[in-house]
Amino acid sequence: VAGLRATVLGWGDAHRRDLPWRRTRDPWCILVSEVMLQQTSVARVLALYPSFVAAYPSPAECADAGRAAVVRSWAGLGYNRRAVALHRAAVAIRDEHAGRVPSARRELLALPGVGASTARAVEAFAFGADAGIVDTNVARLLARAVAARPLTRAGAQEFADALVPPGRGWEWNQTLFDLGAGFCRATGPRCGPCPLRRRCAWRRAGNPEPDPGRHTAGTTRPQGRFAGSDRQGRGRLVAALRRAPVAASGVAAAAGWPDDAGRAERVAAALVAEGLAVRGPAGTLALA
Ligand code: ADE
């Protein structure tokens, strides 16, 4: 464990990516970035994070801006229900935590949109806690390099928490993200240049099949084709709603399915159920 820690931290000191959310210790900015990074690539978050935190520099300012404004500012990040959850979290922080992001895990987990990994990210990155963050990339890396067998979600979390070098939770977790993204990739892992190659259990065994990373819980998220999917129509409908409310008769066309009003209606109903959209008079759909 000592050798692994030293290798990871040593590589990180020299090569860790310089990202805007790594230059701050402000708990709100870190919460915002981690919610964005839950399901959006670093490249895309890089393009949108600066303007979002400039527009909503504190939980209170985000809460006061209102849900519709926050959903509009989320444009380009996808999975808009996260914007609704983040706004609700901002309201809870403003009203129940005197405007300050809590540092206790139990209170973080009670915030909308904050799960095990985002809560630990806030603990480690804002408050310096020795918490091990497990996202899909880190779970895959731990399964390959450390366990050399597939891990359950709980198993990966146990490894992650046990490995954090005391007092270095920030560097450790940020570096594991970079190793997961840069080397320990889901398909086509780059073991040759990987700084962990001499310590990686899977590599030392000669990369035997089955790949322990591929069978680790939560590491494979087969994300069906986007073209023709409900997500695509949903994205088009939300984009239209950002511009203006859509009349009931226009919902199918706005979703891109002029000949399938039933499907468009189901997608619209889901947006309403999730709190992203509301129905006005005569069934006009608008952002909530
Ligand atoms: N994915 C989730 N959190 C991240 C972070 N802080 N840096 C890079 N990728 C991440």
# chains A, B, ... in the order shown; residues from 1 in each chain; ligands from 1
call {"tool": "closest_atom_pairs", "arguments": {"of": "chain A", "to": "ligand 1", "cutoff": "10 Å", "atoms": "only C-alpha atoms and all ligand atoms", "output": "tab-separated table"}}
result
residue	atom	partner	partner_atom_place_in_ligand_line	distance
A:Arg16	CA	ligand 1	7 (N)	9.5
A:Arg17	CA	ligand 1	8 (C)	8.1
A:Asp18	CA	ligand 1	7 (N)	9.3
A:Leu19	CA	ligand 1	7 (N)	7.3
A:Pro20	CA	ligand 1	7 (N)	9.4
A:Trp21	CA	ligand 1	6 (N)	6.8
A:Arg22	CA	ligand 1	6 (N)	6.7
A:Ile30	CA	ligand 1	6 (N)	8.0
A:Leu31	CA	ligand 1	3 (N)	9.8
A:Ser33	CA	ligand 1	6 (N)	7.3
A:Glu34	CA	ligand 1	3 (N)	5.2
A:Val35	CA	ligand 1	2 (C)	8.2
A:Met36	CA	ligand 1	2 (C)	8.3
A:Leu37	CA	ligand 1	2 (C)	4.9
A:Gln38	CA	ligand 1	2 (C)	6.2
A:Gln39	CA	ligand 1	1 (N)	8.7
A:Thr40	CA	ligand 1	1 (N)	8.7
A:Ser41	CA	ligand 1	9 (N)	8.0
A:Val42	CA	ligand 1	9 (N)	6.1
A:Ala43	CA	ligand 1	9 (N)	9.8
A:Val45	CA	ligand 1	9 (N)	9.6
A:Ser117	CA	ligand 1	2 (C)	8.6
A:Thr118	CA	ligand 1	3 (N)	8.0
A:Ala121	CA	ligand 1	3 (N)	7.1
A:Val122	CA	ligand 1	6 (N)	9.5
A:Phe125	CA	ligand 1	6 (N)	7.9
A:Ile133	CA	ligand 1	3 (N)	8.6
A:Val134	CA	ligand 1	2 (C)	9.1
A:Asp135	CA	ligand 1	2 (C)	7.1
A:Thr136	CA	ligand 1	1 (N)	9.3
A:Asn137	CA	ligand 1	1 (N)	8.5
A:Val138	CA	ligand 1	1 (N)	9.4
A:Trp170	CA	ligand 1	6 (N)	9.2
A:Asn173	CA	ligand 1	6 (N)	7.9
A:Gln174	CA	ligand 1	6 (N)	5.6
A:Thr175	CA	ligand 1	7 (N)	8.3
A:Leu176	CA	ligand 1	8 (C)	8.8
A:Phe177	CA	ligand 1	9 (N)	5.3
A:Asp178	CA	ligand 1	8 (C)	6.4
A:Leu179	CA	ligand 1	8 (C)	9.9
A:Gly180	CA	ligand 1	9 (N)	9.1
A:Ala181	CA	ligand 1	9 (N)	7.8
call {"tool": "residues_around", "arguments": {"residues": "Ala90 in chain A", "least_positions_apart": "5", "cutoff": "12 Å", "atoms": "only C-alpha atoms", "output": "ChimeraX atom specification"}}
result
/A:27-29,31-32,56-67,70,83-85,95-102,108,111-114
call {"tool": "write_last_selection", "arguments": {"atoms": "N, CA and C atoms", "output": "JSON list (two decimals), in the first residue's frame"}}
result
[["chain", "number", "residue", "atom", "x", "y", "z"],
["A", 27, "PRO", "N", -16.53, 25.24, -1.23],
["A", 27, "PRO", "CA", -17.38, 24.04, -1.25],
["A", 27, "PRO", "C", -18.51, 24.11, -2.28],
["A", 28, "TRP", "N", -19.08, 25.29, -2.49],
["A", 28, "TRP", "CA", -20.16, 25.41, -3.48],
["A", 28, "TRP", "C", -19.63, 25.17, -4.89],
["A", 29, "CYS", "N", -18.52, 25.79, -5.23],
["A", 29, "CYS", "CA", -17.96, 25.60, -6.57],
["A", 29, "CYS", "C", -17.59, 24.13, -6.79],
["A", 31, "LEU", "N", -19.01, 21.53, -5.26],
["A", 31, "LEU", "CA", -20.26, 20.79, -5.42],
["A", 31, "LEU", "C", -20.79, 20.93, -6.85],
["A", 32, "VAL", "N", -20.81, 22.16, -7.35],
["A", 32, "VAL", "CA", -21.30, 22.40, -8.72],
["A", 32, "VAL", "C", -20.49, 21.56, -9.72],
["A", 56, "TYR", "N", -23.74, 32.04, -10.67],
["A", 56, "TYR", "CA", -24.27, 31.61, -9.37],
["A", 56, "TYR", "C", -23.10, 31.34, -8.42],
["A", 57, "PRO", "N", -22.48, 32.41, -7.92],
["A", 57, "PRO", "CA", -21.26, 32.21, -7.12],
["A", 57, "PRO", "C", -21.51, 31.65, -5.72],
["A", 58, "SER", "N", -22.76, 31.58, -5.29],
["A", 58, "SER", "CA", -23.03, 31.03, -3.96],
["A", 58, "SER", "C", -24.34, 30.28, -4.01],
["A", 59, "PRO", "N", -24.58, 29.41, -3.02],
["A", 59, "PRO", "CA", -25.86, 28.69, -2.98],
["A", 59, "PRO", "C", -27.04, 29.65, -2.94],
["A", 60, "ALA", "N", -26.93, 30.72, -2.16],
["A", 60, "ALA", "CA", -28.07, 31.63, -2.04],
["A", 60, "ALA", "C", -28.38, 32.29, -3.38],
["A", 61, "GLU", "N", -27.32, 32.68, -4.11],
["A", 61, "GLU", "CA", -27.56, 33.32, -5.41],
["A", 61, "GLU", "C", -28.16, 32.34, -6.40],
["A", 62, "CYS", "N", -27.78, 31.09, -6.31],
["A", 62, "CYS", "CA", -28.37, 30.07, -7.18],
["A", 62, "CYS", "C", -29.82, 29.84, -6.79],
["A", 63, "ALA", "N", -30.07, 29.71, -5.49],
["A", 63, "ALA", "CA", -31.44, 29.48, -5.02],
["A", 63, "ALA", "C", -32.35, 30.63, -5.42],
["A", 64, "ASP", "N", -31.87, 31.87, -5.23],
["A", 64, "ASP", "CA", -32.68, 33.05, -5.52],
["A", 64, "ASP", "C", -32.95, 33.21, -7.02],
["A", 65, "ALA", "N", -32.06, 32.70, -7.85],
["A", 65, "ALA", "CA", -32.21, 32.88, -9.30],
["A", 65, "ALA", "C", -33.42, 32.13, -9.85],
["A", 66, "GLY", "N", -33.83, 31.08, -9.16],
["A", 66, "GLY", "CA", -35.00, 30.32, -9.61],
["A", 66, "GLY", "C", -34.63, 29.16, -10.50],
["A", 67, "ARG", "N", -35.51, 28.15, -10.47],
["A", 67, "ARG", "CA", -35.23, 26.91, -11.17],
["A", 67, "ARG", "C", -35.08, 27.11, -12.68],
["A", 70, "VAL", "N", -31.74, 28.45, -13.73],
["A", 70, "VAL", "CA", -30.65, 27.48, -13.54],
["A", 70, "VAL", "C", -30.71, 26.40, -14.63],
["A", 83, "ALA", "N", -29.86, 19.74, -13.05],
["A", 83, "ALA", "CA", -29.99, 21.18, -12.79],
["A", 83, "ALA", "C", -31.11, 21.44, -11.79],
["A", 84, "VAL", "N", -32.20, 20.70, -11.94],
["A", 84, "VAL", "CA", -33.31, 20.84, -10.99],
["A", 84, "VAL", "C", -32.85, 20.43, -9.59],
["A", 85, "ALA", "N", -32.13, 19.31, -9.52],
["A", 85, "ALA", "CA", -31.66, 18.84, -8.22],
["A", 85, "ALA", "C", -30.66, 19.83, -7.61],
["A", 95, "ASP", "N", -31.63, 27.67, 3.05],
["A", 95, "ASP", "CA", -32.66, 27.72, 4.08],
["A", 95, "ASP", "C", -32.33, 26.89, 5.32],
["A", 96, "GLU", "N", -31.58, 25.81, 5.15],
["A", 96, "GLU", "CA", -31.37, 24.90, 6.29],
["A", 96, "GLU", "C", -29.94, 24.89, 6.80],
["A", 97, "HIS", "N", -29.02, 25.47, 6.03],
["A", 97, "HIS", "CA", -27.61, 25.43, 6.45],
["A", 97, "HIS", "C", -27.00, 26.83, 6.44],
["A", 98, "ALA", "N", -27.84, 27.84, 6.61],
["A", 98, "ALA", "CA", -27.35, 29.23, 6.68],
["A", 98, "ALA", "C", -26.49, 29.60, 5.48],
["A", 99, "GLY", "N", -26.78, 28.98, 4.32],
["A", 99, "GLY", "CA", -26.09, 29.37, 3.10],
["A", 99, "GLY", "C", -24.73, 28.72, 2.89],
["A", 100, "ARG", "N", -24.34, 27.84, 3.82],
["A", 100, "ARG", "CA", -23.03, 27.20, 3.66],
["A", 100, "ARG", "C", -23.17, 25.70, 3.41],
["A", 101, "VAL", "N", -22.43, 25.21, 2.41],
["A", 101, "VAL", "CA", -22.47, 23.79, 2.09],
["A", 101, "VAL", "C", -22.01, 23.01, 3.32],
["A", 102, "PRO", "N", -22.80, 22.02, 3.76],
["A", 102, "PRO", "CA", -22.39, 21.27, 4.96],
["A", 102, "PRO", "C", -21.18, 20.39, 4.68],
["A", 108, "LEU", "N", -24.65, 16.06, 3.63],
["A", 108, "LEU", "CA", -24.41, 16.14, 2.18],
["A", 108, "LEU", "C", -25.32, 15.15, 1.45],
["A", 111, "LEU", "N", -28.83, 16.12, 0.55],
["A", 111, "LEU", "CA", -29.08, 17.14, -0.48],
["A", 111, "LEU", "C", -29.52, 16.45, -1.78],
["A", 112, "PRO", "N", -30.49, 17.04, -2.48],
["A", 112, "PRO", "CA", -30.92, 16.45, -3.76],
["A", 112, "PRO", "C", -29.76, 16.36, -4.74],
["A", 113, "GLY", "N", -29.68, 15.23, -5.43],
["A", 113, "GLY", "CA", -28.66, 15.06, -6.45],
["A", 113, "GLY", "C", -27.28, 14.69, -5.93],
["A", 114, "VAL", "N", -27.15, 14.54, -4.62],
["A", 114, "VAL", "CA", -25.85, 14.21, -4.04],
["A", 114, "VAL", "C", -25.88, 12.76, -3.57]]
call {"tool": "residues_around", "arguments": {"residues": "range 10-12 of chain A", "least_positions_apart": "6", "cutoff": "8 Å", "atoms": "only C-alpha atoms", "output": "list in words"}}
result
Glu171, Trp172, Thr175 and Pro195 of chain A
call {"tool": "write_last_selection", "arguments": {"atoms": "all heavy atoms", "output": "compact mmCIF listing (two decimals), in the first residue's frame"}}
result
# COMPACT_ATOMS: atom_id res chain seq x y z
N GLU A 171 -5.20 15.25 -3.13
CA GLU A 171 -4.28 14.83 -4.20
C GLU A 171 -4.57 13.40 -4.66
O GLU A 171 -4.55 13.11 -5.86
CB GLU A 171 -2.83 14.87 -3.71
CG GLU A 171 -2.30 16.25 -3.40
CD GLU A 171 -2.53 16.64 -1.94
OE1 GLU A 171 -3.49 16.14 -1.31
OE2 GLU A 171 -1.75 17.47 -1.45
N TRP A 172 -4.82 12.53 -3.70
CA TRP A 172 -5.04 11.12 -4.02
C TRP A 172 -6.23 10.95 -4.97
O TRP A 172 -6.13 10.34 -6.04
CB TRP A 172 -5.26 10.35 -2.72
CG TRP A 172 -5.65 8.92 -2.91
CD1 TRP A 172 -6.91 8.39 -2.82
CD2 TRP A 172 -4.77 7.83 -3.20
NE1 TRP A 172 -6.86 7.04 -3.05
CE2 TRP A 172 -5.56 6.66 -3.28
CE3 TRP A 172 -3.39 7.73 -3.42
CZ2 TRP A 172 -5.02 5.42 -3.58
CZ3 TRP A 172 -2.85 6.48 -3.70
CH2 TRP A 172 -3.67 5.34 -3.78
N THR A 175 -5.85 12.54 -8.46
CA THR A 175 -4.90 11.80 -9.29
C THR A 175 -5.53 10.49 -9.80
O THR A 175 -5.33 10.11 -10.96
CB THR A 175 -3.61 11.52 -8.51
OG1 THR A 175 -3.10 12.76 -8.02
CG2 THR A 175 -2.56 10.85 -9.38
N PRO A 195 1.73 4.79 -15.19
CA PRO A 195 2.68 4.87 -14.07
C PRO A 195 2.50 3.74 -13.05
O PRO A 195 3.40 3.49 -12.27
CB PRO A 195 2.39 6.24 -13.45
CG PRO A 195 1.08 6.69 -14.01
CD PRO A 195 0.88 5.98 -15.32
call {"tool": "atom_distance", "arguments": {"atom1": "CA of Thr7 in chain A", "atom2": "CA of Ala145 in chain A"}}
result
12.4 Å
call {"tool": "residues_around", "arguments": {"residues": "Val251 in chain A", "least_positions_apart": "5", "cutoff": "10 Å", "atoms": "only C-alpha atoms", "output": "list in words"}}
result
Leu237, Ala240, Leu241, Pro245, Val246, Gly256, Trp257, Pro258, Ala261, Ala264, Glu265, Val267, Ala268, Gly283, Thr284 and Leu285 of chain A
call {"tool": "closest_residue", "arguments": {"among": "A:Ala69, A:Ala186, A:Ala126, A:Ala205", "to": "Arg23 in chain A", "atoms": "only C-alpha atoms"}}
result
A:Ala126
call {"tool": "atom_distance", "arguments": {"atom1": "CA of Arg72 in chain A", "atom2": "CA of Arg234 in chain A"}}
result
14.7 Å
call {"tool": "closest_residue", "arguments": {"among": "A:Gly213, A:Gly280, A:Gly188, A:Gly132", "to": "Ala162 in chain A", "atoms": "only C-alpha atoms"}}
result
A:Gly132
call {"tool": "atom_distance", "arguments": {"atom1": "CA of Arg263 in chain A", "atom2": "CA of Asn80 in chain A"}}
result
19.1 Å
